[in-house]
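The next block holds one structure in the form of structure tokens; read it before the comments.
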Amino acid sequence: MRRKLAKQLNCVSNHLIHPSRFLSRQFFSEGSEFSYGLNCALAGKGVIAKGKVFYNLKPSELKKTEQVYGVPLHVRGNTVAGFPDISKSQFSKLLKQVSCHLSSLNNIYVQDGTISNLQKCNCKVRVLSDNRSAVFSLSNILYKASIRDISHDSCPLTVYIASSISSNVKEILNNEVPAQREFNSGFAVADIERSALILCGKACADFGVVKYALAALASPVLAARGGIPLSARILVTGNSVNLLFASDEIINTTGDLQQALVSTDAGVILFSDGFAPLFHPNNSTDPKYPSKKLSSIIILSSDSTGGLQLISKLTAGQMAYHFLAGYNDGKFTPVYNKGPSPIDPLALANSIFFKIKELNIPCFVINANVAGKIMSGQDLIQLVTLALANKLPQIKLAPDSIVEDLKAKYNNFLSGKFKNLPEQFSF
């Protein structure tokens with residue numbers, strides 16, 4: 001009797017000490033009787049798994065979804081205007097509906113990943129979905145992570161996917177946002193305080209919206225871990241690695257420039273020990289760089305008036321000023337971010353100002369508008385190469401009146417938008 005009892009206790013002990021034996025993808029796909037740890041974790045997120053749990057399926061086991069566009073995004077905790085807010089109570093009601101929906105299913109699909117692949121500065125993400133097709137898009141966006149990565153993280157994000165939209169869920173959102181009643185393709189709702197994102201209908205197939213939402217949710221986590229989340233791209237030219245700020249319009253019109261970018265999507269984390277795209281680049285393995293140190297930070301703008309020179313070297317204060325303005329063709333997009341964010345743009349500009357001074361990074365602003373046309377990517381890369389070699393071309397300066405007019409535009413916008421700009425920030 002004692003031997004039998006000791007054997008049973010030893011078995012239980014092994015289960016507790018080595019849970020990974022029972023948390024493999026195989027057990028989740030074949031049954032849930034051994035997935036105690038994951039089931040408890042799901043219950044902590046309000047989802048009770050009554051059937052099978054499929055964990056971290058391989059790409060070959062997932063079904064590709066057709067991309068959609070224009071899905072409405074609602075964000076609670078957004079400090080940047082442009083995206084409709086949603087109240088705490090309404091988000092709670094919506095989350096309860098989606099959690100009940102997932103709990104009623106026989107199959108639940110769980111996918112773990114990270115935003116940023118930097119070891120010391122990343123944000124873990126757990127996706128809970130009602131079908132494997134919806135998981136496909138998220139698995140392509142996120143870097144890979146294990147169940148241990150998620151369970152040992154202090155503040156992972158949770159993404160709830162409900163591909164079938166019930167009338168009750170629609171009514172919750174319609175009552176909160178009466179101006180937007182068309183949800184034919186679904187909708188996305190994020191709560192930054194809860195670190196949670198809800199994707200209903202085909203919202204998971206709108207990559208742009210999903211990335212906007214995840215970047216906003218991850219920003220406070222990455223900032224707390226010492227990183228600076230930026231709406232930038234990584235430009236690799238020869239042996240140099242550069243941080244590039246530019247509008248989507250410029251990027252989309254320069255195909256040869258896109259080939260030199262690690263990813264055409266904006267989103268980079270800048271950290272003392274390195275940098276990385278927020279999301280996994282499309283059709284690429286984990287990116288490798290010729291250097292772990294940034295060669296330069298570049299603002300690529302377009303100014304048809306000639307107030308901006310072809311290329312100018314900037315101080316840290318000038319860089320922060322132009323970065324904060326986000327100027328392009330007479331329009332201003334603060335810190336070049338079109339998405340929602342819980343981080344104040346001025347605070348972000350201050351962070352990049354101090355980081356430039358700390359790391360002594362060369363900075364440049366380039367006017368991509370040459371004779372009314374956007375310069376080619378090859379010309380841009382050649383210009384960057386010359387700048388890094390301290391061989392800036394001689395440039396004919398614009399009349400003072402044109403430069404002063406452009407300065408006035410910057411000043412009017414920034415002084416009206418932000419109070420108490422630091423003295424170091426200048427044109």
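Naming scheme: A, B, ... for chains in displayed order of the structure tokens; residues 1 onward per chain; ligands 1 onward as shown.
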ask   = as number ranges by chain, which residues of range 55-211 of chain A does DSSP assign to strand (DSSP E or B)?
value = A: 55, 73-76, 107-115, 123-129, 143-144, 157-162, 186-191, 196-201
key: Residue list (alpha helix (DSSP H), DSSP) for range 275-413 of chain A, as a PyMOL selection string   = chain A and resi 316-325+345-359+377-388+400-413
Among listed residues A:Asp130, A:Asp303, A:Glu193, A:Asp405, nearest Lys88 in chain A (using only C-alpha atoms) =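 Checking each candidate against Lys88 in chain A, we get A:Glu193 as the closest.
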key: Minimum-distance residue to Thr237 in chain A, chosen among A:Leu261, A:Ile251, A:Leu348, A:Ala49 (using only C-alpha atoms)   = A:Leu261
Check which residues of range 24-126 of chain A sit at most 10 Å from range 216-219 of chain A using only C-alpha atoms, and return one row each with the closest pair of atoms and their distance in Å to one decimal, ordered by chain and rising number, as a Markdown table.
| residue | atom | partner | partner_atom | distance |
| --- | --- | --- | --- | --- |
| A:Val75 | CA | A:Ala216 | CA | 8.9 |
| A:Gly77 | CA | A:Ala216 | CA | 9.3 |
| A:Asn78 | CA | A:Ala216 | CA | 8.0 |
| A:Thr114 | CA | A:Ala218 | CA | 9.8 |
| A:Ile115 | CA | A:Ala218 | CA | 7.4 |
| A:Ser116 | CA | A:Ala218 | CA | 9.7 |
| A:Asn122 | CA | A:Ala218 | CA | 8.4 |
| A:Cys123 | CA | A:Ala218 | CA | 6.1 |
| A:Lys124 | CA | A:Ala218 | CA | 8.6 |
| A:Val125 | CA | A:Ala218 | CA | 9.1 |
key: Shortest interatomic distance to Met319 in chain A - which of A:Asn239, A:Gln424, A:Ser87, A:Ser139, counting only C-alpha atoms   =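 The answer is A:Gln424, which sits nearest to Met319 in chain A.
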task = Using CA of Lys407 in chain A and CA of Gly307 in chain A as the two end points, give the distance in Å to one decimal.
result =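 Straight-line distance from CA of Lys407 in chain A to CA of Gly307 in chain A works out to 8.3 Å.
Here the question is which of A:Gly208, A:Pro340, A:Gly227, A:Gly70 gets nearest to Ala276 in chain A using only C-alpha atoms, and that residue is A:Gly227.
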Near range 152-163 of chain A, within 9 Å and counting only C-alpha atoms, which residues show up once chain neighbours fewer than 2 positions away are dropped, as a PDB file with N, CA, C and O atoms, in the first residue's frame?
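Result went into result_36.pdb, see below:
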ATOM      1  N   LYS A  45      -7.782  34.451 -17.636  1.00  0.00           N
ATOM      2  CA  LYS A  45      -8.182  35.462 -18.613  1.00  0.00           C
ATOM      3  C   LYS A  45      -9.677  35.400 -18.924  1.00  0.00           C
ATOM      4  O   LYS A  45     -10.150  36.034 -19.870  1.00  0.00           O
ATOM      5  N   LEU A  95     -15.755  42.322 -23.464  1.00  0.00           N
ATOM      6  CA  LEU A  95     -14.822  41.261 -23.084  1.00  0.00           C
ATOM      7  C   LEU A  95     -15.568  40.066 -22.496  1.00  0.00           C
ATOM      8  O   LEU A  95     -15.222  38.906 -22.766  1.00  0.00           O
ATOM      9  N   VAL A  98     -17.163  38.095 -25.394  1.00  0.00           N
ATOM     10  CA  VAL A  98     -16.175  37.348 -26.173  1.00  0.00           C
ATOM     11  C   VAL A  98     -15.622  36.181 -25.366  1.00  0.00           C
ATOM     12  O   VAL A  98     -15.425  35.079 -25.898  1.00  0.00           O
ATOM     13  N   SER A  99     -15.388  36.385 -24.076  1.00  0.00           N
ATOM     14  CA  SER A  99     -14.888  35.302 -23.215  1.00  0.00           C
ATOM     15  C   SER A  99     -15.901  34.163 -23.127  1.00  0.00           C
ATOM     16  O   SER A  99     -15.530  32.983 -23.175  1.00  0.00           O
ATOM     17  N   HIS A 101     -18.125  33.467 -25.383  1.00  0.00           N
ATOM     18  CA  HIS A 101     -18.120  32.827 -26.702  1.00  0.00           C
ATOM     19  C   HIS A 101     -16.991  31.804 -26.816  1.00  0.00           C
ATOM     20  O   HIS A 101     -17.204  30.659 -27.240  1.00  0.00           O
ATOM     21  N   LEU A 102     -15.773  32.193 -26.418  1.00  0.00           N
ATOM     22  CA  LEU A 102     -14.632  31.284 -26.493  1.00  0.00           C
ATOM     23  C   LEU A 102     -14.809  30.092 -25.548  1.00  0.00           C
ATOM     24  O   LEU A 102     -14.427  28.961 -25.873  1.00  0.00           O
ATOM     25  N   THR A 114       5.957  37.340 -29.416  1.00  0.00           N
ATOM     26  CA  THR A 114       6.487  38.557 -28.817  1.00  0.00           C
ATOM     27  C   THR A 114       6.498  39.691 -29.834  1.00  0.00           C
ATOM     28  O   THR A 114       6.589  39.461 -31.044  1.00  0.00           O
ATOM     29  N   CYS A 123       7.823  42.552 -25.673  1.00  0.00           N
ATOM     30  CA  CYS A 123       6.492  42.479 -25.053  1.00  0.00           C
ATOM     31  C   CYS A 123       5.848  41.173 -25.477  1.00  0.00           C
ATOM     32  O   CYS A 123       5.646  40.928 -26.668  1.00  0.00           O
ATOM     33  N   LYS A 124       5.520  40.328 -24.517  1.00  0.00           N
ATOM     34  CA  LYS A 124       4.929  39.022 -24.811  1.00  0.00           C
ATOM     35  C   LYS A 124       3.442  39.177 -25.151  1.00  0.00           C
ATOM     36  O   LYS A 124       2.748  40.068 -24.629  1.00  0.00           O
ATOM     37  N   VAL A 125       2.957  38.291 -26.021  1.00  0.00           N
ATOM     38  CA  VAL A 125       1.563  38.344 -26.472  1.00  0.00           C
ATOM     39  C   VAL A 125       0.989  36.928 -26.481  1.00  0.00           C
ATOM     40  O   VAL A 125       1.628  35.997 -26.976  1.00  0.00           O
ATOM     41  N   ARG A 126      -0.201  36.761 -25.937  1.00  0.00           N
ATOM     42  CA  ARG A 126      -0.928  35.487 -26.030  1.00  0.00           C
ATOM     43  C   ARG A 126      -2.224  35.715 -26.803  1.00  0.00           C
ATOM     44  O   ARG A 126      -3.021  36.608 -26.474  1.00  0.00           O
ATOM     45  N   VAL A 127      -2.441  34.910 -27.834  1.00  0.00           N
ATOM     46  CA  VAL A 127      -3.623  35.020 -28.691  1.00  0.00           C
ATOM     47  C   VAL A 127      -4.561  33.865 -28.393  1.00  0.00           C
ATOM     48  O   VAL A 127      -4.151  32.697 -28.406  1.00  0.00           O
ATOM     49  N   LEU A 128      -5.828  34.183 -28.119  1.00  0.00           N
ATOM     50  CA  LEU A 128      -6.869  33.174 -27.894  1.00  0.00           C
ATOM     51  C   LEU A 128      -7.889  33.321 -29.010  1.00  0.00           C
ATOM     52  O   LEU A 128      -8.506  34.371 -29.151  1.00  0.00           O
ATOM     53  N   SER A 129      -8.079  32.265 -29.796  1.00  0.00           N
ATOM     54  CA  SER A 129      -8.912  32.380 -30.986  1.00  0.00           C
ATOM     55  C   SER A 129      -9.936  31.263 -31.077  1.00  0.00           C
ATOM     56  O   SER A 129      -9.741  30.172 -30.522  1.00  0.00           O
ATOM     57  N   ASP A 130     -11.013  31.547 -31.818  1.00  0.00           N
ATOM     58  CA  ASP A 130     -12.055  30.538 -32.015  1.00  0.00           C
ATOM     59  C   ASP A 130     -11.854  29.738 -33.296  1.00  0.00           C
ATOM     60  O   ASP A 130     -12.615  28.828 -33.580  1.00  0.00           O
ATOM     61  N   ASN A 131     -10.830  30.082 -34.120  1.00  0.00           N
ATOM     62  CA  ASN A 131     -10.541  29.258 -35.289  1.00  0.00           C
ATOM     63  C   ASN A 131      -9.102  29.443 -35.731  1.00  0.00           C
ATOM     64  O   ASN A 131      -8.479  30.460 -35.457  1.00  0.00           O
ATOM     65  N   ALA A 134      -7.964  32.497 -38.157  1.00  0.00           N
ATOM     66  CA  ALA A 134      -7.752  33.808 -37.551  1.00  0.00           C
ATOM     67  C   ALA A 134      -6.368  33.915 -36.913  1.00  0.00           C
ATOM     68  O   ALA A 134      -5.809  35.005 -36.803  1.00  0.00           O
ATOM     69  N   VAL A 135      -5.809  32.784 -36.496  1.00  0.00           N
ATOM     70  CA  VAL A 135      -4.494  32.783 -35.852  1.00  0.00           C
ATOM     71  C   VAL A 135      -3.384  33.048 -36.866  1.00  0.00           C
ATOM     72  O   VAL A 135      -2.323  33.564 -36.522  1.00  0.00           O
ATOM     73  N   ILE A 147       5.543  28.798 -24.102  1.00  0.00           N
ATOM     74  CA  ILE A 147       4.610  28.942 -22.978  1.00  0.00           C
ATOM     75  C   ILE A 147       5.334  29.431 -21.738  1.00  0.00           C
ATOM     76  O   ILE A 147       4.781  30.170 -20.925  1.00  0.00           O
ATOM     77  N   ARG A 148       6.605  29.050 -21.606  1.00  0.00           N
ATOM     78  CA  ARG A 148       7.403  29.503 -20.459  1.00  0.00           C
ATOM     79  C   ARG A 148       7.638  31.012 -20.545  1.00  0.00           C
ATOM     80  O   ARG A 148       7.613  31.714 -19.525  1.00  0.00           O
ATOM     81  N   ASP A 149       7.888  31.521 -21.755  1.00  0.00           N
ATOM     82  CA  ASP A 149       8.099  32.962 -21.930  1.00  0.00           C
ATOM     83  C   ASP A 149       6.901  33.753 -21.426  1.00  0.00           C
ATOM     84  O   ASP A 149       7.056  34.783 -20.760  1.00  0.00           O
ATOM     85  N   ILE A 150       5.708  33.270 -21.750  1.00  0.00           N
ATOM     86  CA  ILE A 150       4.486  33.978 -21.359  1.00  0.00           C
ATOM     87  C   ILE A 150       4.243  33.864 -19.856  1.00  0.00           C
ATOM     88  O   ILE A 150       3.947  34.858 -19.178  1.00  0.00           O
ATOM     89  N   ILE A 165     -19.486  37.401 -35.180  1.00  0.00           N
ATOM     90  CA  ILE A 165     -19.969  38.546 -34.407  1.00  0.00           C
ATOM     91  C   ILE A 165     -21.438  38.342 -34.085  1.00  0.00           C
ATOM     92  O   ILE A 165     -22.279  38.248 -34.982  1.00  0.00           O
ATOM     93  N   GLY A 186     -16.125  43.443 -39.438  1.00  0.00           N
ATOM     94  CA  GLY A 186     -15.722  43.279 -38.047  1.00  0.00           C
ATOM     95  C   GLY A 186     -15.210  44.568 -37.457  1.00  0.00           C
ATOM     96  O   GLY A 186     -15.326  45.641 -38.051  1.00  0.00           O
ATOM     97  N   ARG A 194      -5.900  47.484 -19.586  1.00  0.00           N
ATOM     98  CA  ARG A 194      -6.039  46.040 -19.387  1.00  0.00           C
ATOM     99  C   ARG A 194      -5.026  45.230 -20.195  1.00  0.00           C
ATOM    100  O   ARG A 194      -4.963  44.012 -20.047  1.00  0.00           O
ATOM    101  N   SER A 195      -4.277  45.880 -21.055  1.00  0.00           N
ATOM    102  CA  SER A 195      -3.340  45.186 -21.958  1.00  0.00           C
ATOM    103  C   SER A 195      -4.067  44.114 -22.765  1.00  0.00           C
ATOM    104  O   SER A 195      -3.602  42.975 -22.887  1.00  0.00           O
ATOM    105  N   ALA A 196      -5.214  44.490 -23.315  1.00  0.00           N
ATOM    106  CA  ALA A 196      -6.048  43.514 -24.017  1.00  0.00           C
ATOM    107  C   ALA A 196      -6.563  44.082 -25.335  1.00  0.00           C
ATOM    108  O   ALA A 196      -6.839  45.276 -25.453  1.00  0.00           O
ATOM    109  N   LEU A 197      -6.689  43.192 -26.311  1.00  0.00           N
ATOM    110  CA  LEU A 197      -7.206  43.541 -27.629  1.00  0.00           C
ATOM    111  C   LEU A 197      -8.268  42.537 -28.029  1.00  0.00           C
ATOM    112  O   LEU A 197      -8.056  41.323 -27.903  1.00  0.00           O
ATOM    113  N   ILE A 198      -9.408  43.024 -28.505  1.00  0.00           N
ATOM    114  CA  ILE A 198     -10.495  42.167 -28.973  1.00  0.00           C
ATOM    115  C   ILE A 198     -10.658  42.373 -30.473  1.00  0.00           C
ATOM    116  O   ILE A 198     -10.815  43.501 -30.944  1.00  0.00           O
ATOM    117  N   LEU A 199     -10.612  41.274 -31.218  1.00  0.00           N
ATOM    118  CA  LEU A 199     -10.789  41.316 -32.671  1.00  0.00           C
ATOM    119  C   LEU A 199     -12.020  40.499 -33.029  1.00  0.00           C
ATOM    120  O   LEU A 199     -12.070  39.295 -32.770  1.00  0.00           O
ATOM    121  N   CYS A 200     -13.003  41.153 -33.600  1.00  0.00           N
ATOM    122  CA  CYS A 200     -14.244  40.470 -33.968  1.00  0.00           C
ATOM    123  C   CYS A 200     -14.412  40.454 -35.486  1.00  0.00           C
ATOM    124  O   CYS A 200     -13.977  41.374 -36.184  1.00  0.00           O
ATOM    125  N   GLY A 201     -15.054  39.407 -35.977  1.00  0.00           N
ATOM    126  CA  GLY A 201     -15.257  39.273 -37.409  1.00  0.00           C
ATOM    127  C   GLY A 201     -13.934  39.023 -38.122  1.00  0.00           C
ATOM    128  O   GLY A 201     -13.124  38.204 -37.709  1.00  0.00           O
ATOM    129  N   LYS A 202     -13.703  39.783 -39.185  1.00  0.00           N
ATOM    130  CA  LYS A 202     -12.474  39.624 -39.976  1.00  0.00           C
ATOM    131  C   LYS A 202     -11.403  40.635 -39.584  1.00  0.00           C
ATOM    132  O   LYS A 202     -10.453  40.862 -40.331  1.00  0.00           O
ATOM    133  N   ALA A 203     -11.534  41.215 -38.401  1.00  0.00           N
ATOM    134  CA  ALA A 203     -10.594  42.257 -37.987  1.00  0.00           C
ATOM    135  C   ALA A 203      -9.155  41.756 -37.944  1.00  0.00           C
ATOM    136  O   ALA A 203      -8.216  42.505 -38.218  1.00  0.00           O
ATOM    137  N   CYS A 204      -8.959  40.476 -37.619  1.00  0.00           N
ATOM    138  CA  CYS A 204      -7.598  39.938 -37.537  1.00  0.00           C
ATOM    139  C   CYS A 204      -6.915  39.920 -38.892  1.00  0.00           C
ATOM    140  O   CYS A 204      -5.679  39.798 -38.971  1.00  0.00           O
ATOM    141  N   LEU A 214      -1.637  46.634 -31.542  1.00  0.00           N
ATOM    142  CA  LEU A 214      -0.602  45.952 -30.766  1.00  0.00           C
ATOM    143  C   LEU A 214       0.535  46.912 -30.394  1.00  0.00           C
ATOM    144  O   LEU A 214       1.071  46.852 -29.284  1.00  0.00           O
ATOM    145  N   LEU A 217      -0.656  48.996 -27.477  1.00  0.00           N
ATOM    146  CA  LEU A 217      -0.702  48.211 -26.245  1.00  0.00           C
ATOM    147  C   LEU A 217       0.706  47.916 -25.716  1.00  0.00           C
ATOM    148  O   LEU A 217       0.931  47.886 -24.502  1.00  0.00           O
ATOM    149  N   ALA A 218       1.645  47.677 -26.629  1.00  0.00           N
ATOM    150  CA  ALA A 218       3.004  47.316 -26.215  1.00  0.00           C
ATOM    151  C   ALA A 218       3.835  48.515 -25.775  1.00  0.00           C
ATOM    152  O   ALA A 218       4.813  48.358 -25.031  1.00  0.00           O
ATOM    153  N   VAL A 221       4.690  48.997 -22.056  1.00  0.00           N
ATOM    154  CA  VAL A 221       5.512  47.880 -21.579  1.00  0.00           C
ATOM    155  C   VAL A 221       6.959  48.059 -22.041  1.00  0.00           C
ATOM    156  O   VAL A 221       7.908  47.935 -21.255  1.00  0.00           O
TER     157      VAL A 221
END
request  = Could you tell me which of A:Val110, A:Ala43, A:Ile269, A:Ala205 comes closest to Ser146 in chain A if we count only C-alpha atoms?
outcome  =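 Ranked by minimum distance to Ser146 in chain A, first place goes to A:Val110.
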Do you know which residues are at most 8 Å from Phe136 in chain A counting only C-alpha atoms, after dropping those on the same chain fewer than 2 positions away, and could you put them as a tab-separated table (two decimals) with C-alpha atoms, in the first residue's frame?
chain	number	residue	atom	x	y	z
A	59	PRO	CA	2.26	27.54	-40.31
A	62	LEU	CA	-2.93	27.12	-40.19
A	63	LYS	CA	-5.14	28.45	-42.95
A	64	LYS	CA	-4.21	31.65	-44.75
A	65	THR	CA	-6.83	34.38	-44.61
A	132	ARG	CA	-7.16	28.46	-36.79
A	133	SER	CA	-7.59	30.77	-39.80
A	134	ALA	CA	-7.75	33.81	-37.55
A	138	LEU	CA	-1.07	36.99	-35.87
A	139	SER	CA	1.47	34.17	-36.20
A	140	ASN	CA	3.04	36.00	-39.17
request  = Could you tell me which of A:Ile311, A:Leu118, A:Leu324, A:Val335 comes closest to Ser272 in chain A if we count only C-alpha atoms?
outcome  =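 Of all the options, A:Leu118 lies closest to Ser272 in chain A.
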task = Write out as a PyMOL selection string each polymer residue whose atoms come within 12 Å of Pro287 in chain A, counting only C-alpha atoms; drop sequence neighbours fewer than 3 positions from it.
result = chain A and resi 116-118+143+234-236+241+261-263+275-284+290-292
